[in-house]
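Q: Sharing a structure, written as structure tokens. Questions coming.
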Number of protein chains: 2
Amino acid sequence: MIAVHLEGGGVSIVTRRVPMRPRGFARIRMVAAGICNTDLELQRGYYGFSGTPGHEFVGVVEEADDGKWIGKRVGGEINLACNKCEWCARGLGRHCPTRTVLGIVRHPGAFADYLTLPERNLHAIPNSISDEEAIFAEPLAAACEILDQVKITPGEPVAILGDGKLGLLIAQVLHSHGAHVTHFGRHRAKLAISSKAGIATRMADARLPAQAFTVTVDATGSSAGLEQAVRMTVPRGTVVMKSTVHDPVAIDAAPVIVNEISLVGSRCGRFKPAISLLKMSKVNVKPLIADRFELRDARQAFARAAERGCLKVLLRGPHAE
Amino acid sequence: MIAVHLEGGGVSIVTRRVPMRPRGFARIRMVAAGICNTDLELQRGYYGFSGTPGHEFVGVVEEADDGKWIGKRVGGEINLACNKCEWCARGLGRHCPTRTVLGIVRHPGAFADYLTLPERNLHAIPNSISDEEAIFAEPLAAACEILDQVKITPGEPVAILGDGKLGLLIAQVLHSHGAHVTHFGRHRAKLAISSKAGIATRMADARLPAQAFTVTVDATGSSAGLEQAVRMTVPRGTVVMKSTVHDPVAIDAAPVIVNEISLVGSRCGRFKPAISLLKMSKVNVKPLIADRFELRDARQAFARAAERGCLKVLLRGPHAE
């Protein structure tokens, strides 16, 4: 089979054996996959990564222990947990200390003809969700994670900072939850996606409102975002940290303490609410698709995804329709 | 009357008129007061302060609208709230946007023969609490605030970083609440105060345990404390920020996000639980008293309080027993 291989900053297409399927695992034929900012970071050598990336995908199960999966169209949770420790017992395998992570930590990813995942990680994709929409289950789950961590009541004034892929998904998720969302960004074309979904938008180059939101989500991806989010949040409010920034972030602790702000780190989430939002058409992910490439053209796809302001770039497997 | 006056880094004793008592306010004869790190920061010019500091005190009411207060021994909440806004309506006058603050923001403090406070800010001090103990109601309330913000269940593994005055109070408060507290510090003599209260202590110069506590309180007062606290906290755990550090604090956002840690800024608290802890002898504050000075010797008292490693320095009013 062919697979994408990242090493030393380069993207190459390599030939690999079709992966073995350990007990309890399914072998999945990749249909389509999405390039995430994390994949671009892996390319740049973060986490000392070399290997096959890819953790946003939709595929069809070819082999599995449990016959019910065979032939099913699936997405999958990306954390491969031990299922024995206290974290796993609490349903938080996403924090299992010995986990591997699909396409990120010691488990080959989805940018290949085939991948494997534990059957317990799989989620069937309902027919009403297209292949391209299904790829968004993973980042959408990360957006939904905010609602698992922070109590947001309908009508609550919430700000989203940043109009990248994750910011756009978060805005729709919190809007569909009933929050009174204002989406701040620097790109009119991207904010227009939120506008069309009925969300209030505002260019972030103007003076930003101070102490105006009970919850502010920093999805800027920039080191200045956190401090800005703190300023925009009311006393006793919550700032959700969704920006993976690799340099140390300098924050002024004084306003955090004086105003008793909570800063909440937020990462992966459960697939179930994400798939449910897609199924009920409560979010519209299609406008986020910027481009499509065949898997064998992954090099060009990575270059396209790295262009400034580019939204989601998809890779199509050899079996894509 | 005499009053302490801070200006341009200097501490002086000045003569002032006995303060007028606006409607709804009590005039209080100062009996004793405590010097807090914030007072030392005001001396160094933080917040552009000049005037009379002092917000930890015990006194006797001489005049008030409500006769029940006359002659009563009292402590008092330090935030003077408008009592009209939404924050005040929610019982969070401590966050009232137009508040003044006793001895800190536009309201003369307790380092004087007399002070004034709104009667609604007053708390009667039960006879079983000595004058010197009563002074600790304010910093103890700040320690108790953690329990108003973060759910801590009995037996939960909690770390306190820092063995300064606030760290020592927090350790006793959370220990008396039933948490399984480990208190980390750099001073054997200070940690001994926690040891005597039955709290596990550990010198912080050794290698600190990683991902071991569900709640970690940073009371180090140092900019390195926050990052250390993040490292010591389990995924999905909480770091309470109790260190007022005036320089920007650099944190690595990645572990906060990957482990979904919550960082919770924490400041002043309600007096009621603090007075209750003192009354029931659930905390022992006396070992925290390092020295005592007459109010007229405030200059020496401030110098003593600024000595490295010095715990609480008290000022005695002219009416102290």
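Each chain in the structure tokens gets a letter, A, B and so on, in the order shown; residues start at 1 in every chain, and ligands are counted from 1 in the order they appear.
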Might you pull out every residue within 9 Å of segment 196-199 of chain B, with only C-alpha atoms counted and same-chain residues fewer than 5 positions away left off, and present them as a list in words?
A: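 Residues near the query, excluding close chain neighbours: Ala171, Gln172, His175, His180, Val181, Thr182, His183, Leu191, Val283 and Asn284 of chain B.
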Q: Enumerate as a PyMOL selection string the residues belonging to chain A that approach chain B to within 8 Å, with only C-alpha atoms taken into account.
A: chain A and resi 95+235+241-242+244-254+256-267
Q: Can you list, as an NGL selection string, every residue of segment 2-74 of chain A that DSSP puts in strand (DSSP E or B)?
A: :A and (2-7 or 10-15 or 25-35 or 51 or 56-63 or 73-74)
Q: Closest to Ile135 of chain A among A:Lys282, A:Arg296, A:His123, A:Arg23, using only C-alpha atoms?
A: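 Result for the nearest residue to Ile135 of chain A: A:His123.
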Q: Would you give me, as a PyMOL selection string, the residues in segment 79-310 of chain A that DSSP reads as helix (DSSP H, G or I)?
A: chain A and resi 86-89+93-95+119-121+131-134+137-149+165-177+188-196+225-232+253-258+271-279+286-288+295-305
Q: Hey, what's within 8 Å of segment 112-115 of chain A if we count only C-alpha atoms and toss same-chain stuff fewer than 6 positions away? As a JSON list (two decimals) with all heavy atoms, in the first residue's frame, please?
A:
```
[["chain", "number", "residue", "atom", "x", "y", "z"],
["A", 1, "MET", "N", 0.85, -1.19, 0.00],
["A", 1, "MET", "CA", 0.00, 0.00, 0.00],
["A", 1, "MET", "C", 0.88, 1.23, 0.00],
["A", 1, "MET", "O", 2.07, 1.16, 0.32],
["A", 1, "MET", "CB", -0.91, 0.03, 1.25],
["A", 1, "MET", "CG", -0.17, 0.26, 2.56],
["A", 1, "MET", "SD", -1.31, 0.64, 3.94],
["A", 1, "MET", "CE", -0.16, 1.22, 5.18],
["A", 2, "ILE", "N", 0.31, 2.42, -0.30],
["A", 2, "ILE", "CA", 1.10, 3.65, -0.18],
["A", 2, "ILE", "C", 0.71, 4.35, 1.11],
["A", 2, "ILE", "O", -0.39, 4.19, 1.64],
["A", 2, "ILE", "CB", 0.96, 4.60, -1.40],
["A", 2, "ILE", "CG1", -0.48, 5.14, -1.51],
["A", 2, "ILE", "CG2", 1.40, 3.91, -2.68],
["A", 2, "ILE", "CD1", -0.56, 6.35, -2.45],
["A", 3, "ALA", "N", 1.69, 5.11, 1.63],
["A", 3, "ALA", "CA", 1.48, 5.86, 2.87],
["A", 3, "ALA", "C", 2.30, 7.14, 2.79],
["A", 3, "ALA", "O", 3.33, 7.19, 2.10],
["A", 3, "ALA", "CB", 1.92, 5.04, 4.07],
["A", 4, "VAL", "N", 1.81, 8.18, 3.48],
["A", 4, "VAL", "CA", 2.58, 9.42, 3.59],
["A", 4, "VAL", "C", 3.63, 9.21, 4.67],
["A", 4, "VAL", "O", 3.36, 8.60, 5.71],
["A", 4, "VAL", "CB", 1.64, 10.60, 3.97],
["A", 4, "VAL", "CG1", 2.44, 11.88, 4.21],
["A", 4, "VAL", "CG2", 0.58, 10.80, 2.89],
["A", 18, "VAL", "N", 0.57, -3.64, 4.09],
["A", 18, "VAL", "CA", -0.73, -3.40, 4.72],
["A", 18, "VAL", "C", -0.60, -3.78, 6.19],
["A", 18, "VAL", "O", -0.05, -4.83, 6.51],
["A", 18, "VAL", "CB", -1.83, -4.25, 4.02],
["A", 18, "VAL", "CG1", -3.15, -4.17, 4.80],
["A", 18, "VAL", "CG2", -2.04, -3.75, 2.59],
["A", 19, "PRO", "N", -1.04, -2.90, 7.12],
["A", 19, "PRO", "CA", -0.75, -3.16, 8.54],
["A", 19, "PRO", "C", -1.43, -4.41, 9.07],
["A", 19, "PRO", "O", -2.54, -4.76, 8.68],
["A", 19, "PRO", "CB", -1.29, -1.90, 9.23],
["A", 19, "PRO", "CG", -2.26, -1.30, 8.28],
["A", 19, "PRO", "CD", -1.79, -1.65, 6.91],
["A", 27, "ARG", "N", -9.11, -3.44, 10.76],
["A", 27, "ARG", "CA", -8.34, -2.85, 9.67],
["A", 27, "ARG", "C", -9.31, -2.07, 8.81],
["A", 27, "ARG", "O", -10.36, -2.57, 8.40],
["A", 27, "ARG", "CB", -7.63, -3.91, 8.84],
["A", 27, "ARG", "CG", -6.70, -3.23, 7.81],
["A", 27, "ARG", "CD", -5.67, -4.15, 7.22],
["A", 27, "ARG", "NE", -6.32, -5.19, 6.44],
["A", 27, "ARG", "CZ", -5.86, -6.43, 6.34],
["A", 27, "ARG", "NH1", -4.77, -6.79, 6.99],
["A", 27, "ARG", "NH2", -6.48, -7.32, 5.60],
["A", 28, "ILE", "N", -8.93, -0.80, 8.56],
["A", 28, "ILE", "CA", -9.84, 0.14, 7.91],
["A", 28, "ILE", "C", -9.22, 0.62, 6.60],
["A", 28, "ILE", "O", -8.05, 1.01, 6.57],
["A", 28, "ILE", "CB", -10.11, 1.34, 8.85],
["A", 28, "ILE", "CG1", -10.67, 0.85, 10.19],
["A", 28, "ILE", "CG2", -11.04, 2.35, 8.19],
["A", 28, "ILE", "CD1", -10.40, 1.80, 11.34],
["A", 29, "ARG", "N", -10.00, 0.55, 5.55],
["A", 29, "ARG", "CA", -9.60, 1.12, 4.27],
["A", 29, "ARG", "C", -9.90, 2.60, 4.30],
["A", 29, "ARG", "O", -11.05, 2.99, 4.53],
["A", 29, "ARG", "CB", -10.42, 0.41, 3.17],
["A", 29, "ARG", "CG", -10.13, 0.81, 1.78],
["A", 29, "ARG", "CD", -10.61, -0.24, 0.76],
["A", 29, "ARG", "NE", -11.93, -0.79, 1.03],
["A", 29, "ARG", "CZ", -13.10, -0.23, 0.69],
["A", 29, "ARG", "NH1", -13.14, 0.94, 0.09],
["A", 29, "ARG", "NH2", -14.23, -0.85, 0.97],
["A", 30, "MET", "N", -8.89, 3.42, 4.11],
["A", 30, "MET", "CA", -9.09, 4.86, 4.20],
["A", 30, "MET", "C", -9.86, 5.36, 2.98],
["A", 30, "MET", "O", -9.52, 5.03, 1.84],
["A", 30, "MET", "CB", -7.73, 5.57, 4.30],
["A", 30, "MET", "CG", -7.80, 7.03, 4.71],
["A", 30, "MET", "SD", -8.02, 8.16, 3.32],
["A", 30, "MET", "CE", -6.31, 8.50, 2.88],
["A", 52, "THR", "N", 4.01, 8.07, 9.68],
["A", 52, "THR", "CA", 2.79, 8.37, 8.92],
["A", 52, "THR", "C", 1.80, 9.13, 9.79],
["A", 52, "THR", "O", 1.35, 8.61, 10.81],
["A", 52, "THR", "CB", 2.14, 7.06, 8.42],
["A", 52, "THR", "OG1", 3.06, 6.42, 7.53],
["A", 52, "THR", "CG2", 0.83, 7.34, 7.69],
["A", 295, "LEU", "N", -4.38, 10.98, -2.35],
["A", 295, "LEU", "CA", -3.38, 10.61, -1.34],
["A", 295, "LEU", "C", -1.97, 10.65, -1.93],
["A", 295, "LEU", "O", -1.03, 11.12, -1.29],
["A", 295, "LEU", "CB", -3.71, 9.21, -0.80],
["A", 295, "LEU", "CG", -2.73, 8.62, 0.22],
["A", 295, "LEU", "CD1", -2.65, 9.49, 1.47],
["A", 295, "LEU", "CD2", -3.14, 7.19, 0.59],
["A", 317, "GLY", "N", -8.51, 8.87, -0.48],
["A", 317, "GLY", "CA", -7.91, 7.55, -0.62],
["A", 317, "GLY", "C", -8.22, 6.97, -1.98],
["A", 317, "GLY", "O", -9.07, 7.50, -2.71],
["A", 318, "PRO", "N", -7.54, 5.88, -2.34],
["A", 318, "PRO", "CA", -7.76, 5.29, -3.68],
["A", 318, "PRO", "C", -9.18, 4.75, -3.84],
["A", 318, "PRO", "O", -9.62, 4.49, -4.94],
["A", 318, "PRO", "CB", -6.74, 4.15, -3.74],
["A", 318, "PRO", "CG", -6.35, 3.88, -2.33],
["A", 318, "PRO", "CD", -6.55, 5.14, -1.56]]
```
Q: Can you tell me which residues surround segment 67-77 of chain A at a distance of at most 7 Å, considering only C-alpha atoms, apart from same-chain residues fewer than 3 positions away, and format the answer as a PDB file with N, CA, C and O atoms, in the first residue's frame?
A:
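Written output follows (selection-v2.pdb):
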```pdb
ATOM      1  N   PHE A  57     -10.263  11.174   9.700  1.00  0.00           N
ATOM      2  CA  PHE A  57     -10.486  10.281   8.551  1.00  0.00           C
ATOM      3  C   PHE A  57     -11.903   9.731   8.559  1.00  0.00           C
ATOM      4  O   PHE A  57     -12.613   9.755   9.578  1.00  0.00           O
ATOM      5  N   VAL A  58     -12.275   9.197   7.400  1.00  0.00           N
ATOM      6  CA  VAL A  58     -13.436   8.320   7.317  1.00  0.00           C
ATOM      7  C   VAL A  58     -12.976   7.115   6.496  1.00  0.00           C
ATOM      8  O   VAL A  58     -12.163   7.267   5.575  1.00  0.00           O
ATOM      9  N   GLY A  59     -13.433   5.942   6.855  1.00  0.00           N
ATOM     10  CA  GLY A  59     -12.983   4.743   6.151  1.00  0.00           C
ATOM     11  C   GLY A  59     -14.021   3.644   6.228  1.00  0.00           C
ATOM     12  O   GLY A  59     -15.103   3.827   6.795  1.00  0.00           O
ATOM     13  N   VAL A  60     -13.686   2.522   5.623  1.00  0.00           N
ATOM     14  CA  VAL A  60     -14.592   1.362   5.639  1.00  0.00           C
ATOM     15  C   VAL A  60     -13.838   0.186   6.271  1.00  0.00           C
ATOM     16  O   VAL A  60     -12.687  -0.088   5.898  1.00  0.00           O
ATOM     17  N   VAL A  61     -14.480  -0.472   7.228  1.00  0.00           N
ATOM     18  CA  VAL A  61     -13.836  -1.585   7.929  1.00  0.00           C
ATOM     19  C   VAL A  61     -13.780  -2.800   6.997  1.00  0.00           C
ATOM     20  O   VAL A  61     -14.794  -3.218   6.438  1.00  0.00           O
ATOM     21  N   GLU A  62     -12.568  -3.340   6.862  1.00  0.00           N
ATOM     22  CA  GLU A  62     -12.415  -4.551   6.042  1.00  0.00           C
ATOM     23  C   GLU A  62     -12.320  -5.801   6.886  1.00  0.00           C
ATOM     24  O   GLU A  62     -12.778  -6.868   6.477  1.00  0.00           O
ATOM     25  N   GLU A  63     -11.675  -5.681   8.037  1.00  0.00           N
ATOM     26  CA  GLU A  63     -11.510  -6.838   8.927  1.00  0.00           C
ATOM     27  C   GLU A  63     -11.676  -6.373  10.354  1.00  0.00           C
ATOM     28  O   GLU A  63     -11.214  -5.281  10.720  1.00  0.00           O
ATOM     29  N   ALA A  64     -12.311  -7.212  11.181  1.00  0.00           N
ATOM     30  CA  ALA A  64     -12.463  -6.893  12.599  1.00  0.00           C
ATOM     31  C   ALA A  64     -12.840  -8.162  13.344  1.00  0.00           C
ATOM     32  O   ALA A  64     -13.328  -9.122  12.709  1.00  0.00           O
ATOM     33  N   ASN A 121     -12.707   2.007  19.547  1.00  0.00           N
ATOM     34  CA  ASN A 121     -12.534   3.408  19.152  1.00  0.00           C
ATOM     35  C   ASN A 121     -13.448   3.819  18.000  1.00  0.00           C
ATOM     36  O   ASN A 121     -13.559   5.002  17.680  1.00  0.00           O
ATOM     37  N   LEU A 122     -14.089   2.835  17.365  1.00  0.00           N
ATOM     38  CA  LEU A 122     -14.830   3.134  16.132  1.00  0.00           C
ATOM     39  C   LEU A 122     -16.206   3.740  16.396  1.00  0.00           C
ATOM     40  O   LEU A 122     -16.851   3.448  17.400  1.00  0.00           O
ATOM     41  N   HIS A 123     -16.637   4.577  15.476  1.00  0.00           N
ATOM     42  CA  HIS A 123     -18.005   5.111  15.476  1.00  0.00           C
ATOM     43  C   HIS A 123     -18.558   4.958  14.071  1.00  0.00           C
ATOM     44  O   HIS A 123     -17.929   5.417  13.108  1.00  0.00           O
ATOM     45  N   ALA A 124     -19.713   4.302  13.971  1.00  0.00           N
ATOM     46  CA  ALA A 124     -20.361   4.179  12.665  1.00  0.00           C
ATOM     47  C   ALA A 124     -20.817   5.562  12.212  1.00  0.00           C
ATOM     48  O   ALA A 124     -21.278   6.370  13.023  1.00  0.00           O
ATOM     49  N   ILE A 125     -20.655   5.824  10.921  1.00  0.00           N
ATOM     50  CA  ILE A 125     -21.088   7.116  10.364  1.00  0.00           C
ATOM     51  C   ILE A 125     -22.453   6.913   9.706  1.00  0.00           C
ATOM     52  O   ILE A 125     -22.571   6.129   8.759  1.00  0.00           O
ATOM     53  N   PHE A 271     -16.547  11.629  20.341  1.00  0.00           N
ATOM     54  CA  PHE A 271     -17.098  11.688  18.990  1.00  0.00           C
ATOM     55  C   PHE A 271     -18.626  11.773  18.972  1.00  0.00           C
ATOM     56  O   PHE A 271     -19.211  12.310  18.039  1.00  0.00           O
TER      57      PHE A 271
END
```
Q: Using only C-alpha atoms for the distances, tell me which of B:Asp205, B:Ala179, B:Leu166, B:Ala33 is nearest to Lys151 of chain B.
A: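 Of all the options, B:Ala179 lies closest to Lys151 of chain B.
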Q: Please provide the set of residues having any atom within 12 Å of Ser128 of chain B, restricted to only C-alpha atoms, with same-chain residues fewer than 6 positions apart removed, written as a VMD selection string.
A: chain B and resid 73 134 275 to 281
Q: Since we have the selection now, will you write its residues out, keeping all heavy atoms, as a JSON list (two decimals), in the first residue's frame?
A:
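And here is the file that came out, selection.json:
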```json
[["chain", "number", "residue", "atom", "x", "y", "z"],
["B", 73, "ARG", "N", -16.32, 44.51, 69.13],
["B", 73, "ARG", "CA", -15.03, 44.20, 68.54],
["B", 73, "ARG", "C", -15.30, 43.61, 67.15],
["B", 73, "ARG", "O", -16.09, 42.67, 67.02],
["B", 73, "ARG", "CB", -14.30, 43.20, 69.42],
["B", 73, "ARG", "CG", -12.79, 43.17, 69.26],
["B", 73, "ARG", "CD", -12.18, 42.45, 70.46],
["B", 73, "ARG", "NE", -12.69, 41.10, 70.55],
["B", 73, "ARG", "CZ", -11.97, 39.98, 70.37],
["B", 73, "ARG", "NH1", -10.68, 40.08, 70.14],
["B", 73, "ARG", "NH2", -12.52, 38.80, 70.48],
["B", 134, "ALA", "N", -7.68, 37.51, 65.51],
["B", 134, "ALA", "CA", -8.72, 38.13, 64.67],
["B", 134, "ALA", "C", -8.14, 38.82, 63.45],
["B", 134, "ALA", "O", -8.79, 38.90, 62.40],
["B", 134, "ALA", "CB", -9.54, 39.12, 65.50],
["B", 275, "ILE", "N", -13.79, 33.24, 60.13],
["B", 275, "ILE", "CA", -14.04, 33.49, 61.56],
["B", 275, "ILE", "C", -14.50, 32.19, 62.24],
["B", 275, "ILE", "O", -14.10, 31.89, 63.36],
["B", 275, "ILE", "CB", -15.07, 34.63, 61.73],
["B", 275, "ILE", "CG1", -14.42, 35.96, 61.30],
["B", 275, "ILE", "CG2", -15.56, 34.72, 63.17],
["B", 275, "ILE", "CD1", -15.36, 37.14, 61.26],
["B", 276, "SER", "N", -15.27, 31.41, 61.51],
["B", 276, "SER", "CA", -15.73, 30.15, 62.06],
["B", 276, "SER", "C", -14.56, 29.19, 62.33],
["B", 276, "SER", "O", -14.51, 28.53, 63.37],
["B", 276, "SER", "CB", -16.74, 29.56, 61.06],
["B", 276, "SER", "OG", -17.02, 28.23, 61.38],
["B", 277, "LEU", "N", -13.60, 29.14, 61.42],
["B", 277, "LEU", "CA", -12.42, 28.28, 61.63],
["B", 277, "LEU", "C", -11.62, 28.74, 62.85],
["B", 277, "LEU", "O", -11.13, 27.92, 63.62],
["B", 277, "LEU", "CB", -11.51, 28.31, 60.39],
["B", 277, "LEU", "CG", -11.94, 27.51, 59.17],
["B", 277, "LEU", "CD1", -11.01, 27.79, 57.99],
["B", 277, "LEU", "CD2", -11.96, 26.02, 59.47],
["B", 278, "LEU", "N", -11.49, 30.06, 63.02],
["B", 278, "LEU", "CA", -10.75, 30.59, 64.18],
["B", 278, "LEU", "C", -11.50, 30.26, 65.47],
["B", 278, "LEU", "O", -10.90, 29.85, 66.46],
["B", 278, "LEU", "CB", -10.58, 32.11, 64.05],
["B", 278, "LEU", "CG", -9.57, 32.61, 63.01],
["B", 278, "LEU", "CD1", -9.71, 34.11, 62.83],
["B", 278, "LEU", "CD2", -8.14, 32.24, 63.41],
["B", 279, "LYS", "N", -12.82, 30.44, 65.42],
["B", 279, "LYS", "CA", -13.64, 30.22, 66.61],
["B", 279, "LYS", "C", -13.57, 28.76, 67.06],
["B", 279, "LYS", "O", -13.51, 28.46, 68.27],
["B", 279, "LYS", "CB", -15.09, 30.61, 66.28],
["B", 279, "LYS", "CG", -16.01, 30.62, 67.48],
["B", 279, "LYS", "CD", -17.42, 31.03, 67.06],
["B", 279, "LYS", "CE", -18.39, 30.83, 68.21],
["B", 279, "LYS", "NZ", -19.77, 31.11, 67.75],
["B", 280, "MET", "N", -13.57, 27.86, 66.10],
["B", 280, "MET", "CA", -13.55, 26.43, 66.45],
["B", 280, "MET", "C", -12.13, 25.89, 66.58],
["B", 280, "MET", "O", -11.93, 24.67, 66.66],
["B", 280, "MET", "CB", -14.31, 25.65, 65.37],
["B", 280, "MET", "CG", -15.81, 25.99, 65.33],
["B", 280, "MET", "SD", -16.56, 25.52, 63.76],
["B", 280, "MET", "CE", -16.70, 23.74, 64.01],
["B", 281, "SER", "N", -11.15, 26.80, 66.58],
["B", 281, "SER", "CA", -9.72, 26.41, 66.70],
["B", 281, "SER", "C", -9.32, 25.34, 65.69],
["B", 281, "SER", "O", -8.52, 24.46, 65.99],
["B", 281, "SER", "CB", -9.42, 25.92, 68.12],
["B", 281, "SER", "OG", -9.69, 26.93, 69.05]]
```
Q: Which residue out of B:Leu40, B:Leu208, B:Leu174, B:Ile129 has the minimum interatomic distance to Ser194 of chain B when only C-alpha atoms are used?
A: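 Using only C-alpha atoms, the shortest distance to Ser194 of chain B belongs to B:Leu174.
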Q: Go through B:Gly155, B:Ile193, B:Cys144, B:Tyr47 one by one, measure the shortest atom-to-atom distance of each to Gly178 of chain B using only C-alpha atoms, and give the residue with the smallest value.
A: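 Closest to Gly178 of chain B, using only C-alpha atoms: B:Gly155.
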Q: Which residues are close to Pro22 of chain B, i.e. within 10 Å by only C-alpha atoms, leaving aside same-chain residues fewer than 6 positions away? Reply as a list in words.
A: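 That gives Ala64, Asp65, Thr116, Leu117 and Pro118 of chain B.
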Q: Using N, CA, C and O atoms, can you export the residues from the last selection as a PDB file, in the first residue's frame?
A:
```pdb
ATOM      1  N   ALA B  64     -21.683  54.351  64.824  1.00  0.00           N
ATOM      2  CA  ALA B  64     -22.314  53.674  63.683  1.00  0.00           C
ATOM      3  C   ALA B  64     -23.776  54.077  63.640  1.00  0.00           C
ATOM      4  O   ALA B  64     -24.328  54.547  64.650  1.00  0.00           O
ATOM      5  N   ASP B  65     -24.437  53.918  62.478  1.00  0.00           N
ATOM      6  CA  ASP B  65     -25.870  54.182  62.384  1.00  0.00           C
ATOM      7  C   ASP B  65     -26.638  53.182  63.244  1.00  0.00           C
ATOM      8  O   ASP B  65     -27.565  53.544  63.967  1.00  0.00           O
ATOM      9  N   THR B 116     -12.697  53.929  58.831  1.00  0.00           N
ATOM     10  CA  THR B 116     -14.138  53.781  58.603  1.00  0.00           C
ATOM     11  C   THR B 116     -14.381  52.632  57.626  1.00  0.00           C
ATOM     12  O   THR B 116     -13.537  52.343  56.780  1.00  0.00           O
ATOM     13  N   LEU B 117     -15.527  52.014  57.784  1.00  0.00           N
ATOM     14  CA  LEU B 117     -15.966  50.956  56.858  1.00  0.00           C
ATOM     15  C   LEU B 117     -17.488  50.956  56.845  1.00  0.00           C
ATOM     16  O   LEU B 117     -18.112  51.271  57.865  1.00  0.00           O
ATOM     17  N   PRO B 118     -18.107  50.557  55.716  1.00  0.00           N
ATOM     18  CA  PRO B 118     -19.565  50.391  55.717  1.00  0.00           C
ATOM     19  C   PRO B 118     -19.957  49.354  56.773  1.00  0.00           C
ATOM     20  O   PRO B 118     -19.266  48.336  56.935  1.00  0.00           O
TER      21      PRO B 118
END
```
Q: Excluding segment 301-313 of chain A and any residue of its chain fewer than 4 positions from it, enumerate the residues within 8 Å of it, using only C-alpha atoms, and give them as a list in words.
A: Val11, Gly34, Ile35, Cys36, Leu40, Gly164, Lys165, Leu288, Ile289, Ala290, Asp291, Arg292, Phe293 and Asp297 of chain A
Q: When distances are computed from only C-alpha atoms, which of A:Ser12, A:Ser195, A:Asn79, A:Ser130 shows the smallest separation from Val105 of chain A?
A: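 Of the candidates, the smallest distance to Val105 of chain A is held by A:Asn79.
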